[in-house]
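Asker: Input structure: entry_16.cif, which contains mmCIF, C-alpha atoms.
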```cif
data_my_file
loop_
_atom_site.label_atom_id
_atom_site.label_comp_id
_atom_site.auth_asym_id
_atom_site.auth_seq_id
_atom_site.Cartn_x
_atom_site.Cartn_y
_atom_site.Cartn_z
CA MET A 193 -56.93 39.86 21.25
CA ARG A 194 -56.24 36.19 21.68
CA SER A 195 -54.40 34.52 18.84
CA HIS A 196 -55.75 31.07 18.03
CA ALA A 197 -52.65 30.02 16.10
CA THR A 198 -50.16 27.72 17.77
CA ALA A 199 -47.86 29.78 20.00
CA GLU A 200 -44.21 28.87 20.42
CA VAL A 201 -42.84 28.35 23.89
CA THR A 202 -40.99 31.40 25.20
CA ARG A 203 -37.26 30.76 25.04
CA THR A 204 -35.73 32.96 27.73
CA TRP A 205 -36.42 33.48 31.41
CA ARG A 206 -36.48 37.25 30.83
CA ASP A 207 -39.27 36.87 28.31
CA ALA A 208 -41.08 34.46 30.60
CA LEU A 209 -41.03 36.95 33.47
CA GLY A 210 -41.99 39.75 31.08
CA VAL A 211 -45.43 38.22 30.56
CA TYR A 212 -46.47 39.67 33.94
CA ARG A 213 -46.03 43.21 32.59
CA ASP A 214 -49.10 42.74 30.40
CA THR A 215 -51.90 45.07 31.51
CA ARG A 216 -54.46 42.35 30.73
CA LEU A 217 -53.12 40.40 33.70
CA ILE A 218 -53.84 43.33 36.02
CA ALA A 219 -57.47 43.21 34.93
CA ILE A 220 -57.51 39.42 35.38
CA PHE A 221 -56.09 39.84 38.89
CA GLY A 222 -58.91 42.27 39.74
CA MET A 223 -61.51 39.87 38.38
CA GLY A 224 -59.93 37.06 40.40
CA PHE A 225 -60.32 39.18 43.53
CA ALA A 226 -64.03 39.57 42.74
CA SER A 227 -64.31 35.77 42.41
CA GLY A 228 -62.58 34.88 45.65
CA LEU A 229 -64.36 37.38 47.91
CA PRO A 230 -67.93 35.98 47.68
CA LEU A 231 -66.72 32.36 47.73
CA LEU A 232 -65.25 32.53 51.23
CA LEU A 233 -68.10 34.79 52.32
CA THR A 234 -70.58 31.96 51.67
CA THR A 235 -68.46 29.29 53.39
CA SER A 236 -66.17 29.71 56.40
CA THR A 237 -66.92 33.40 57.07
CA LEU A 238 -70.63 32.69 56.90
CA ALA A 239 -70.25 29.83 59.39
CA TYR A 240 -68.30 32.09 61.75
CA TRP A 241 -70.95 34.83 61.52
CA LEU A 242 -73.75 32.37 62.20
CA ALA A 243 -71.92 30.82 65.16
CA ARG A 244 -71.25 34.22 66.69
CA GLY A 245 -74.92 35.03 66.22
CA GLY A 246 -75.98 32.01 68.25
CA VAL A 247 -77.29 29.86 65.40
CA ASP A 248 -77.28 26.14 66.27
CA LYS A 249 -74.76 23.78 64.65
CA THR A 250 -77.40 21.81 62.73
CA THR A 251 -78.64 24.94 61.00
CA ILE A 252 -75.09 26.09 60.30
CA GLY A 253 -74.42 22.73 58.64
CA LEU A 254 -77.47 23.11 56.41
CA PHE A 255 -76.17 26.47 55.21
CA ALA A 256 -73.26 24.57 53.64
CA LEU A 257 -75.73 23.38 50.96
CA ALA A 258 -75.47 26.89 49.52
CA GLY A 259 -72.24 25.70 47.92
CA LEU A 260 -74.14 23.55 45.43
CA PRO A 261 -74.13 26.22 42.67
CA TYR A 262 -70.33 25.95 42.50
CA SER A 263 -70.62 22.26 41.62
CA LEU A 264 -73.55 22.68 39.24
CA LYS A 265 -72.52 25.83 37.38
CA PHE A 266 -71.74 23.89 34.22
CA ALA A 267 -75.50 23.35 33.82
CA TRP A 268 -76.21 27.01 33.01
CA ALA A 269 -72.76 27.96 31.67
CA PRO A 270 -74.00 27.60 28.03
CA LEU A 271 -76.20 30.67 28.54
CA LEU A 272 -73.09 32.79 29.01
CA ASP A 273 -71.60 31.40 25.80
CA HIS A 274 -74.67 32.16 23.68
CA VAL A 275 -76.78 34.94 25.21
CA THR A 276 -75.85 38.58 24.65
CA LEU A 277 -77.36 40.96 27.19
CA PRO A 278 -79.45 43.92 25.92
CA LEU A 279 -78.08 47.47 26.26
CA ILE A 280 -75.05 46.64 28.43
CA GLY A 281 -74.18 43.96 25.89
CA ARG A 282 -72.57 46.68 23.77
CA LEU A 283 -69.54 46.32 26.02
CA GLY A 284 -69.15 42.77 24.76
CA ARG A 285 -70.66 39.47 25.81
CA ARG A 286 -68.04 38.56 28.42
CA ARG A 287 -67.61 41.92 30.14
CA SER A 288 -71.33 42.70 30.16
CA TRP A 289 -72.14 39.44 31.95
CA ILE A 290 -69.36 40.04 34.50
CA LEU A 291 -70.53 43.59 35.22
CA LEU A 292 -74.17 42.54 35.59
CA LEU A 293 -73.26 39.74 38.00
CA GLN A 294 -70.93 41.95 40.02
CA ALA A 295 -73.62 44.63 40.39
CA ALA A 296 -76.04 41.95 41.60
CA LEU A 297 -73.41 40.60 44.01
CA VAL A 298 -72.93 44.04 45.56
CA PHE A 299 -76.64 44.19 46.42
CA ALA A 300 -76.73 40.56 47.59
CA ILE A 301 -73.77 41.01 49.95
CA ALA A 302 -75.29 44.19 51.40
CA ALA A 303 -78.65 42.42 51.79
CA LEU A 304 -77.01 39.52 53.61
CA GLY A 305 -75.54 41.94 56.13
CA SER A 306 -79.03 43.27 56.84
CA ALA A 307 -80.47 39.80 57.41
CA ASP A 308 -81.10 38.27 60.82
CA PRO A 309 -80.24 34.54 60.72
CA THR A 310 -81.56 33.90 64.25
CA THR A 311 -85.13 35.13 63.65
CA ARG A 312 -85.37 34.66 59.88
CA PRO A 313 -83.10 31.73 58.96
CA PHE A 314 -85.04 30.81 55.80
CA ALA A 315 -84.83 34.34 54.41
CA THR A 316 -81.12 34.47 55.26
CA ALA A 317 -80.52 31.09 53.61
CA SER A 318 -82.33 32.30 50.49
CA ILE A 319 -80.01 35.32 50.25
CA VAL A 320 -76.96 33.08 50.74
CA LEU A 321 -78.15 30.73 47.98
CA ILE A 322 -78.72 33.66 45.60
CA LEU A 323 -75.29 35.01 46.50
CA ALA A 324 -73.65 31.65 45.80
CA PHE A 325 -75.51 31.31 42.49
CA LEU A 326 -74.37 34.78 41.38
CA SER A 327 -70.81 34.08 42.52
CA ALA A 328 -70.61 30.72 40.72
CA THR A 329 -72.01 32.27 37.55
CA GLN A 330 -69.52 35.11 37.80
CA ASP A 331 -66.73 32.50 37.97
CA VAL A 332 -67.96 31.04 34.68
CA ALA A 333 -67.92 34.45 32.97
CA ILE A 334 -64.50 35.42 34.36
CA ASP A 335 -62.93 32.08 33.43
CA ALA A 336 -64.27 32.43 29.89
CA TYR A 337 -62.93 35.98 29.66
CA ARG A 338 -59.45 34.91 30.81
CA ILE A 339 -59.33 31.98 28.42
CA GLU A 340 -60.40 34.05 25.41
CA ILE A 341 -58.30 37.17 26.01
CA LEU A 342 -55.01 35.25 26.31
CA ALA A 343 -53.07 33.13 23.85
CA ASP A 344 -52.24 29.54 24.76
CA HIS A 345 -48.68 30.38 25.86
CA GLU A 346 -50.07 33.11 28.14
CA GLN A 347 -52.53 30.85 30.00
CA GLY A 348 -49.98 30.06 32.71
CA ALA A 349 -49.55 33.73 33.58
CA GLY A 350 -53.34 34.14 33.39
CA ALA A 351 -53.83 31.27 35.81
CA ALA A 352 -51.29 32.84 38.17
CA ALA A 353 -52.93 36.27 38.01
CA THR A 354 -56.48 35.02 38.54
CA GLN A 355 -55.50 32.69 41.41
CA ALA A 356 -53.44 35.38 43.13
CA GLY A 357 -56.43 37.73 42.93
CA TYR A 358 -58.71 34.89 44.05
CA ARG A 359 -56.70 34.31 47.19
CA ALA A 360 -56.49 38.03 47.91
CA GLY A 361 -60.28 38.18 47.77
CA MET A 362 -60.55 35.14 50.05
CA LEU A 363 -58.11 36.73 52.52
CA VAL A 364 -60.18 39.92 52.66
CA ALA A 365 -63.49 38.04 53.04
CA GLY A 366 -62.00 35.63 55.56
CA ALA A 367 -59.38 36.94 57.96
CA GLY A 368 -60.14 40.55 57.04
CA ALA A 369 -63.87 40.30 57.68
CA ILE A 370 -63.48 38.34 60.92
CA ALA A 371 -60.93 40.82 62.27
CA LEU A 372 -63.07 43.81 61.30
CA ALA A 373 -66.08 42.27 63.06
CA ASP A 374 -64.26 42.75 66.37
CA TYR A 375 -64.58 46.52 65.92
CA VAL A 376 -67.79 47.16 63.96
CA ALA A 377 -71.18 45.50 63.54
CA TRP A 378 -71.52 42.65 61.04
CA GLU A 379 -73.85 44.75 58.89
CA GLN A 380 -71.03 47.24 58.39
CA VAL A 381 -68.59 44.42 57.65
CA PHE A 382 -70.82 43.22 54.82
CA GLN A 383 -71.18 46.78 53.54
CA VAL A 384 -67.40 47.15 53.35
CA LEU A 385 -67.14 43.86 51.46
CA ALA A 386 -69.89 44.98 49.08
CA LEU A 387 -68.00 48.23 48.41
CA LEU A 388 -64.76 46.35 47.74
CA LEU A 389 -66.47 44.05 45.26
CA GLY A 390 -68.10 47.07 43.62
CA ALA A 391 -64.69 48.72 43.29
CA SER A 392 -63.41 45.68 41.38
CA MET A 393 -65.89 46.53 38.60
CA PHE A 394 -63.32 49.14 37.52
CA PHE A 395 -61.08 46.36 36.23
CA VAL A 396 -63.88 45.04 34.02
CA VAL A 397 -64.67 48.46 32.56
CA TRP A 398 -60.98 49.13 32.00
CA ALA A 399 -60.31 45.77 30.32
CA SER A 400 -60.73 45.10 26.62
CA GLU A 401 -63.25 42.60 25.27
CA PRO A 402 -61.98 39.33 23.79
CA GLU A 403 -62.56 38.60 20.13
CA ARG A 404 -65.91 36.92 19.71
CA ARG A 405 -65.88 33.53 18.01
CA ASP A 406 -69.15 31.85 17.09
CA PRO A 407 -69.30 28.32 15.70
CA ALA A 408 -70.10 28.40 12.00
CA GLU A 409 -71.03 24.74 11.86
CA HIS A 410 -74.73 23.86 12.04
CA ARG A 411 -75.86 27.37 12.97
CA GLU A 412 -79.02 27.11 10.90
CA THR A 413 -79.76 23.38 10.94
CA GLU A 414 -79.40 22.67 14.68
CA SER A 415 -81.76 23.77 17.40
CA ARG A 416 -80.67 26.37 19.94
CA PHE A 417 -80.67 23.73 22.66
CA VAL A 418 -78.24 21.55 20.68
CA ARG A 419 -75.93 24.49 19.96
CA MET A 420 -75.92 25.58 23.60
CA PHE A 421 -75.76 22.30 25.51
CA ILE A 422 -74.79 19.47 23.14
CA ALA A 423 -72.27 21.11 20.82
CA PRO A 424 -69.71 21.90 23.58
CA LEU A 425 -69.78 18.26 24.77
CA ARG A 426 -69.65 16.96 21.22
CA ASP A 427 -66.64 19.17 20.56
CA LEU A 428 -64.87 17.78 23.64
CA ALA A 429 -65.56 14.25 22.40
CA THR A 430 -63.74 15.02 19.12
CA ARG A 431 -60.46 15.76 20.91
CA PRO A 432 -57.63 13.24 20.77
CA ARG A 433 -57.79 10.93 23.79
CA TRP A 434 -60.55 12.98 25.38
CA GLY A 435 -61.32 10.14 27.81
CA VAL A 436 -57.77 10.40 29.15
CA VAL A 437 -58.31 14.14 29.68
CA LEU A 438 -61.43 13.51 31.77
CA VAL A 439 -59.71 10.90 33.93
CA PHE A 440 -56.70 13.20 34.34
CA ALA A 441 -59.00 15.98 35.60
CA VAL A 442 -60.03 13.72 38.46
CA VAL A 443 -56.74 12.08 39.46
CA TYR A 444 -54.05 14.76 38.96
CA LYS A 445 -54.55 16.42 42.36
CA LEU A 446 -56.09 13.39 44.06
CA GLY A 447 -53.30 12.89 46.59
CA GLU A 448 -53.41 16.55 47.54
CA ALA A 449 -57.19 16.40 48.03
CA ILE A 450 -57.07 13.37 50.32
CA ALA A 451 -54.14 14.74 52.32
CA GLY A 452 -55.68 18.20 52.57
CA ALA A 453 -58.94 16.87 54.01
CA MET A 454 -57.09 15.49 57.03
CA MET A 455 -54.53 18.26 57.59
CA ASN A 456 -56.22 19.98 60.53
CA PRO A 457 -56.95 16.71 62.39
CA PHE A 458 -53.30 15.78 61.82
CA PHE A 459 -52.09 19.10 63.25
CA VAL A 460 -54.40 18.73 66.26
CA ASP A 461 -53.14 15.21 66.93
CA LEU A 462 -49.58 16.55 67.01
CA GLY A 463 -50.62 19.06 69.66
CA PHE A 464 -50.34 22.32 67.74
CA SER A 465 -52.44 25.19 69.08
CA GLY A 466 -55.08 26.99 67.05
CA VAL A 467 -52.88 30.09 66.85
CA GLU A 468 -49.94 28.04 65.56
CA ILE A 469 -52.08 26.28 62.95
CA ALA A 470 -53.73 29.52 61.79
CA SER A 471 -50.53 31.57 61.62
CA VAL A 472 -48.60 28.92 59.70
CA THR A 473 -51.31 27.59 57.36
CA LYS A 474 -53.17 30.85 56.71
CA VAL A 475 -50.30 33.33 56.62
CA LEU A 476 -47.16 31.46 55.59
CA GLY A 477 -49.15 28.90 53.58
CA LEU A 478 -51.06 31.56 51.65
CA ALA A 479 -47.89 33.51 50.87
CA ALA A 480 -46.12 30.35 49.67
CA THR A 481 -49.11 29.42 47.49
CA VAL A 482 -49.14 32.83 45.79
CA VAL A 483 -45.39 32.61 45.14
CA GLY A 484 -45.83 29.09 43.77
CA ILE A 485 -48.61 30.23 41.46
CA ALA A 486 -46.44 33.05 40.12
CA VAL A 487 -43.51 30.69 39.58
CA GLY A 488 -45.85 28.25 37.87
CA GLY A 489 -46.94 30.96 35.47
CA VAL A 490 -43.33 31.71 34.57
CA LEU A 491 -42.55 28.03 34.07
CA ILE A 492 -45.47 27.62 31.69
CA ALA A 493 -44.25 30.59 29.67
CA ARG A 494 -40.79 29.01 29.63
CA MET A 495 -41.72 25.39 28.87
CA ALA A 496 -44.57 23.32 27.45
CA VAL A 497 -47.57 23.10 29.78
CA ILE A 498 -47.30 19.28 29.84
CA HIS A 499 -43.79 19.58 31.25
CA ALA A 500 -45.01 22.11 33.85
CA LEU A 501 -47.75 19.66 34.86
CA ALA A 502 -45.15 16.92 35.27
CA LEU A 503 -42.90 19.12 37.39
CA GLY A 504 -45.78 20.36 39.54
CA GLY A 505 -47.18 16.86 40.06
CA LEU A 506 -43.79 15.43 41.00
CA LEU A 507 -43.08 18.26 43.44
CA GLN A 508 -46.53 17.81 45.02
CA ALA A 509 -45.77 14.15 45.68
CA VAL A 510 -42.35 14.92 47.16
CA THR A 511 -43.64 17.66 49.49
CA ASN A 512 -46.43 15.36 50.73
CA LEU A 513 -43.61 13.31 52.20
CA LEU A 514 -42.71 16.34 54.34
CA PHE A 515 -45.83 15.65 56.39
CA ALA A 516 -44.70 12.06 56.90
CA TRP A 517 -41.44 13.54 58.20
CA LEU A 518 -43.41 15.98 60.40
CA ALA A 519 -45.33 13.04 61.89
CA GLY A 520 -42.00 11.70 63.16
CA ARG A 521 -40.87 15.09 64.46
CA GLY A 522 -44.05 15.66 66.46
CA ASN A 523 -44.86 19.07 67.95
CA ASP A 524 -42.14 21.05 66.17
CA THR A 525 -43.29 24.47 64.95
CA GLY A 526 -40.28 24.91 62.66
CA ALA A 527 -40.94 21.55 61.00
CA LEU A 528 -44.62 22.49 60.65
CA ALA A 529 -43.71 25.73 58.89
CA LEU A 530 -41.28 23.96 56.54
CA ALA A 531 -43.83 21.29 55.61
CA VAL A 532 -46.67 23.77 55.06
CA VAL A 533 -44.57 26.24 53.05
CA GLY A 534 -43.13 23.48 50.87
CA ASP A 535 -46.52 21.89 50.24
CA SER A 536 -48.23 25.24 49.59
CA PHE A 537 -45.53 26.38 47.16
CA THR A 538 -45.59 23.21 45.08
CA GLY A 539 -49.40 23.15 45.22
CA GLY A 540 -49.38 26.63 43.71
CA VAL A 541 -47.05 25.56 40.90
CA ALA A 542 -49.23 22.53 40.12
CA SER A 543 -52.46 24.56 40.30
CA ALA A 544 -51.15 27.15 37.84
CA ALA A 545 -50.20 24.40 35.39
CA PHE A 546 -53.52 22.61 35.90
CA VAL A 547 -55.61 25.74 35.26
CA ALA A 548 -53.47 26.69 32.26
CA TYR A 549 -53.88 23.24 30.69
CA PHE A 550 -57.66 23.17 30.96
CA SER A 551 -57.89 26.81 29.91
CA SER A 552 -56.05 25.89 26.71
CA LEU A 553 -58.44 23.00 26.12
CA ALA A 554 -61.55 25.21 26.30
CA ARG A 555 -62.56 26.42 22.83
CA GLY A 556 -63.39 30.02 21.95
CA PRO A 557 -67.11 29.62 21.22
CA PHE A 558 -67.55 27.04 23.98
CA SER A 559 -65.02 28.30 26.53
CA ALA A 560 -67.47 29.06 29.39
CA THR A 561 -69.27 25.72 29.12
CA GLN A 562 -66.25 23.50 28.58
CA TYR A 563 -64.09 25.02 31.30
CA ALA A 564 -66.96 24.97 33.80
CA LEU A 565 -67.59 21.31 33.00
CA LEU A 566 -63.94 20.30 33.39
CA VAL A 567 -63.53 22.20 36.65
CA SER A 568 -66.79 20.80 38.04
CA LEU A 569 -65.62 17.29 37.16
CA MET A 570 -62.35 17.89 38.97
CA ALA A 571 -64.13 19.32 42.05
CA THR A 572 -66.68 16.50 42.18
CA GLY A 573 -63.98 13.84 41.92
CA ARG A 574 -61.88 15.44 44.63
CA THR A 575 -64.90 15.75 46.94
CA PHE A 576 -65.89 12.13 46.39
CA PHE A 577 -62.45 10.67 47.08
CA ALA A 578 -61.64 13.09 49.91
CA GLY A 579 -64.76 11.85 51.68
CA GLY A 580 -62.98 8.59 52.44
CA SER A 581 -59.78 10.24 53.70
CA GLY A 582 -60.78 9.88 57.36
CA TRP A 583 -61.34 6.14 56.99
CA VAL A 584 -57.94 5.73 55.29
CA ALA A 585 -56.19 7.74 58.02
CA ALA A 586 -57.90 5.66 60.73
CA GLN A 587 -56.54 2.42 59.27
CA THR A 588 -52.89 3.40 59.63
CA ASP A 589 -50.50 5.87 61.26
CA TRP A 590 -49.99 9.43 59.99
CA ALA A 591 -46.60 8.80 58.40
CA THR A 592 -47.94 5.90 56.34
CA PHE A 593 -51.01 7.92 55.42
CA PHE A 594 -48.96 10.73 53.89
CA VAL A 595 -46.63 8.33 52.10
CA ALA A 596 -49.76 6.79 50.56
CA THR A 597 -51.10 10.19 49.46
CA ALA A 598 -47.74 10.91 47.82
CA ALA A 599 -48.05 7.64 45.90
CA LEU A 600 -51.48 8.73 44.65
CA ALA A 601 -49.70 11.27 42.44
CA LEU A 602 -48.35 8.41 40.30
CA PRO A 603 -51.52 7.77 38.22
CA GLY A 604 -51.72 11.43 37.21
CA LEU A 605 -48.03 11.51 36.34
CA ALA A 606 -48.40 8.32 34.28
CA LEU A 607 -51.29 9.83 32.30
CA LEU A 608 -49.03 12.73 31.29
CA LEU A 609 -47.25 10.29 28.97
CA ILE A 610 -50.37 10.07 26.79
CA LEU A 611 -52.12 13.34 27.64
CA PRO A 612 -52.73 15.36 24.44
CA ASP A 613 -50.99 18.70 24.00
CA PRO A 614 -53.78 21.34 23.72
CA ARG A 615 -51.66 23.53 21.46
CA ARG A 616 -51.75 20.84 18.79
CA SER A 617 -55.54 20.55 18.85
CA PRO A 618 -57.11 22.88 16.24
CA LEU A 619 -60.05 25.09 17.04
CA PRO A 620 -63.38 24.40 15.39
CA ASP A 621 -64.37 26.41 12.37
CA SER A 622 -65.68 29.82 13.33
CA GLU A 623 -67.23 32.82 11.75
CA PRO A 624 -65.57 36.21 11.66
CA PRO A 625 -66.01 38.36 14.77
CA GLY A 626 -69.15 40.41 15.01
CA ARG A 627 -71.59 37.99 13.43
#
```
Can you dump the structure from the file as structure tokens?
Answerer:
Amino acid sequence: MRSHATAEVTRTWRDALGVYRDTRLIAIFGMGFASGLPLLLTTSTLAYWLARGGVDKTTIGLFALAGLPYSLKFAWAPLLDHVTLPLIGRLGRRRSWILLLQAALVFAIAALGSADPTTRPFATASIVLILAFLSATQDVAIDAYRIEILADHEQGAGAAATQAGYRAGMLVAGAGAIALADYVAWEQVFQVLALLLGASMFFVVWASEPERRDPAEHRETESRFVRMFIAPLRDLATRPRWGVVLVFAVVYKLGEAIAGAMMNPFFVDLGFSGVEIASVTKVLGLAATVVGIAVGGVLIARMAVIHALALGGLLQAVTNLLFAWLAGRGNDTGALALAVVGDSFTGGVASAAFVAYFSSLARGPFSATQYALLVSLMATGRTFFAGGSGWVAAQTDWATFFVATAALALPGLALLLILPDPRRSPLPDSEPPGR
């Protein structure tokens, strides 16, 4: 069970690496796989399926609106913090929600494979929206489980395990599904994906349930609405320098977001082929990201998470400069691989630290709501600023553009000087487990 006492930073590299031997991380990896699979299925793989089916581009674009549940999931996250499911709830609040959502996802994925987007686009869109809603809600439950089952000093390894599983699920639902579609019908592709997601339910059944922590304060005097929706926000507002935390959530990976939005246009301008871009960014880039995430988890076990954030942010800025160097090299596949691998690796390190920090900030009784809110804030900020990346790139040359995105790491790094350490922030009073 998760200890809520302050955990000391692991002192040796051997101990830091040893955190990955924990069987809880295997379960978290499996849950991460179940999160990543439906996400890509409702985005790029869906667009590919629709295009191959002859659906017009305007309709394909409208299907992208199915991603809204991922941005709005904080709105219903309090239900997962406060509602215990009947019957299956005996497994525990977190695991029962995950299992219910995964069972529903299996049926939704299979149903999507049976749909015909050319003759019944509205029905198909409805299934996609339901699928996205279930997937986003599953993310809330899995994030809460990971946060609660691990101690603060283990959150880095937890972030690494869940993100590695996440990317494995995305790889299967992306490249795997598209490749399989060359040999079998799309309905069978979706059936295989449904079976794989169903198999991941084993990890949930096998895992142990986190200790339940319910807020003791105001349980009788406050309305259920206040306890579910207001109390998590009020608790965030009691943290030291909580405004700094919210700003940090938006700006820490701002340079990466703006640069990432223009990567493919940049590669096309340099004359790289689709095969070169796909093989380097999807294969080498993915492998480097997973390695970076794992290294980030070890670093967080070895040092304070604030220091890991500083290292990850600094490395992100430096590797952004590799693309400025690539702009000068031109159509050089070796330089492309070096830039992508370096950027992906450091992005993985920074992402592990980022997830670990906000996981440590989320409180036991409010973990689902608070983490969903912080992540949604980060995603909304990145989307908003990345929307202007094309205009910025059009005003200058590529080398200057990437130097500017590297400089955008400076505000986030500066905020680290005053960012509160989550390990020093006490949890709210709680009642004993089982109440």
Asker: Quick one: pull the distance between atom CA of Leu389 of chain A and atom CA of Ile218 of chain A, Å, one decimal.
Answerer: 15.7 Å
Asker: When you count all atoms listed in the file, which of these residues is closest to Arg216 of chain A: A:Pro402, A:Ala307, A:Ala391, A:Gln355?
Answerer: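 Answer, going by the shortest atom-to-atom distance: A:Pro402.
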Asker: Given the file shown, enumerate the residues that the PyMOL selection byres ((chain A and resi 240-253) around 9) captures and present them as a PDB file with C-alpha atoms, in the coordinates of the input.
Answerer:
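Now in out21.pdb:
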```pdb
ATOM      1  CA  THR A 235     -68.460  29.290  53.390  1.00  0.00           C
ATOM      2  CA  SER A 236     -66.170  29.710  56.400  1.00  0.00           C
ATOM      3  CA  THR A 237     -66.920  33.400  57.070  1.00  0.00           C
ATOM      4  CA  LEU A 238     -70.630  32.690  56.900  1.00  0.00           C
ATOM      5  CA  ALA A 239     -70.250  29.830  59.390  1.00  0.00           C
ATOM      6  CA  LEU A 254     -77.470  23.110  56.410  1.00  0.00           C
ATOM      7  CA  PHE A 255     -76.170  26.470  55.210  1.00  0.00           C
ATOM      8  CA  ALA A 256     -73.260  24.570  53.640  1.00  0.00           C
ATOM      9  CA  LEU A 257     -75.730  23.380  50.960  1.00  0.00           C
ATOM     10  CA  ASP A 308     -81.100  38.270  60.820  1.00  0.00           C
ATOM     11  CA  PRO A 309     -80.240  34.540  60.720  1.00  0.00           C
ATOM     12  CA  THR A 310     -81.560  33.900  64.250  1.00  0.00           C
ATOM     13  CA  PRO A 313     -83.100  31.730  58.960  1.00  0.00           C
ATOM     14  CA  ILE A 370     -63.480  38.340  60.920  1.00  0.00           C
ATOM     15  CA  TRP A 378     -71.520  42.650  61.040  1.00  0.00           C
TER      16      TRP A 378
END
```
Asker: When you count all atoms listed in the file, which of these residues is closest to Thr538 of chain A: A:Gln587, A:Val439, A:His499, A:Ala480?
Answerer: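 Between A:Gln587, A:Val439, A:His499, A:Ala480, the residue approaching Thr538 of chain A most closely is A:Ala480.
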Asker: Could you give me, as a ChimeraX atom specification, the residues that sit within 12 Å of (-56.2, 26.4, 35.0) in the file's coordinates, counting only C-alpha atoms?
Answerer: /A:335-336,338-339,344,346-355,441,485,488-489,492,497,501,540-554,563-564,566-567,570
Asker: Identify all residues satisfying the PyMOL selection byres ((chain A and resi 401) around 8) in the given file; provide them as a PyMOL selection string.
Answerer: chain A and resi 193+283-284+286-287+337+341+399-400+402-403
Asker: Excluding same-chain residues fewer than 4 positions from Leu565 of chain A, what lies within 9 Å of it counting all atoms listed in the file, as number ranges by chain?
Answerer: A: 264-267, 269, 560-561, 569-570
Asker: From the set A:Ser327, A:Thr525, A:Gln508, A:Ser263, which residue has the shortest atom-to-atom contact distance to Phe464 of chain A, counting all atoms listed in the file?
Answerer: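 Comparing A:Ser327, A:Thr525, A:Gln508, A:Ser263 against Phe464 of chain A, the winner is A:Thr525.
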Asker: Using the chain letters and numbers from this file, what does the PyMOL selection byres ((chain A and resi 606) around 12) select? Give the answer as a count of residues only.
Answerer: 22
Asker: Looking at A:Thr329, A:Ser415, A:Thr316, A:Thr588, which one is nearest to Leu271 of chain A, with distances taken over only C-alpha atoms?
Answerer: A:Thr329
Asker: What is the distance between atom CA of Gly435 of chain A and atom CA of Ser559 of chain A, in Å to one decimal?
Answerer: 18.6 Å
Asker: From the list A:Asn523, A:Gly447, A:Ala586, A:Phe299, which residue is nearest Leu385 of chain A when using all atoms listed in the file?
Answerer: A:Phe299
Asker: Have a look at atom CA of Ala371 of chain A and atom CA of Leu388 of chain A and let me know their distance in Å, one decimal.
Answerer: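 These atoms are spaced 16.0 Å apart.
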Asker: Looking at only C-alpha atoms, which of A:Ser392, A:Leu478, A:Phe458, A:Leu425 is the one that sits closest to Leu363 of chain A?
Answerer: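 Ranked by minimum distance to Leu363 of chain A, first place goes to A:Leu478.
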Asker: Using only C-alpha atoms, which protein or nucleic acid residues come within 9 Å of Gln380 of chain A? Drop anything in the same chain fewer than 6 positions from it, and give the result as a ChimeraX atom specification.
Answerer: /A:302,305,373
Asker: Take the residues from that selection and put them in a file with C-alpha atoms, as a tab-separated table (two decimals), in the coordinates of the input.
Answerer:
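Output below, filename out_22.tsv:
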```tsv
chain	number	residue	atom	x	y	z
A	302	ALA	CA	-75.29	44.19	51.40
A	305	GLY	CA	-75.54	41.94	56.13
A	373	ALA	CA	-66.08	42.27	63.06
```
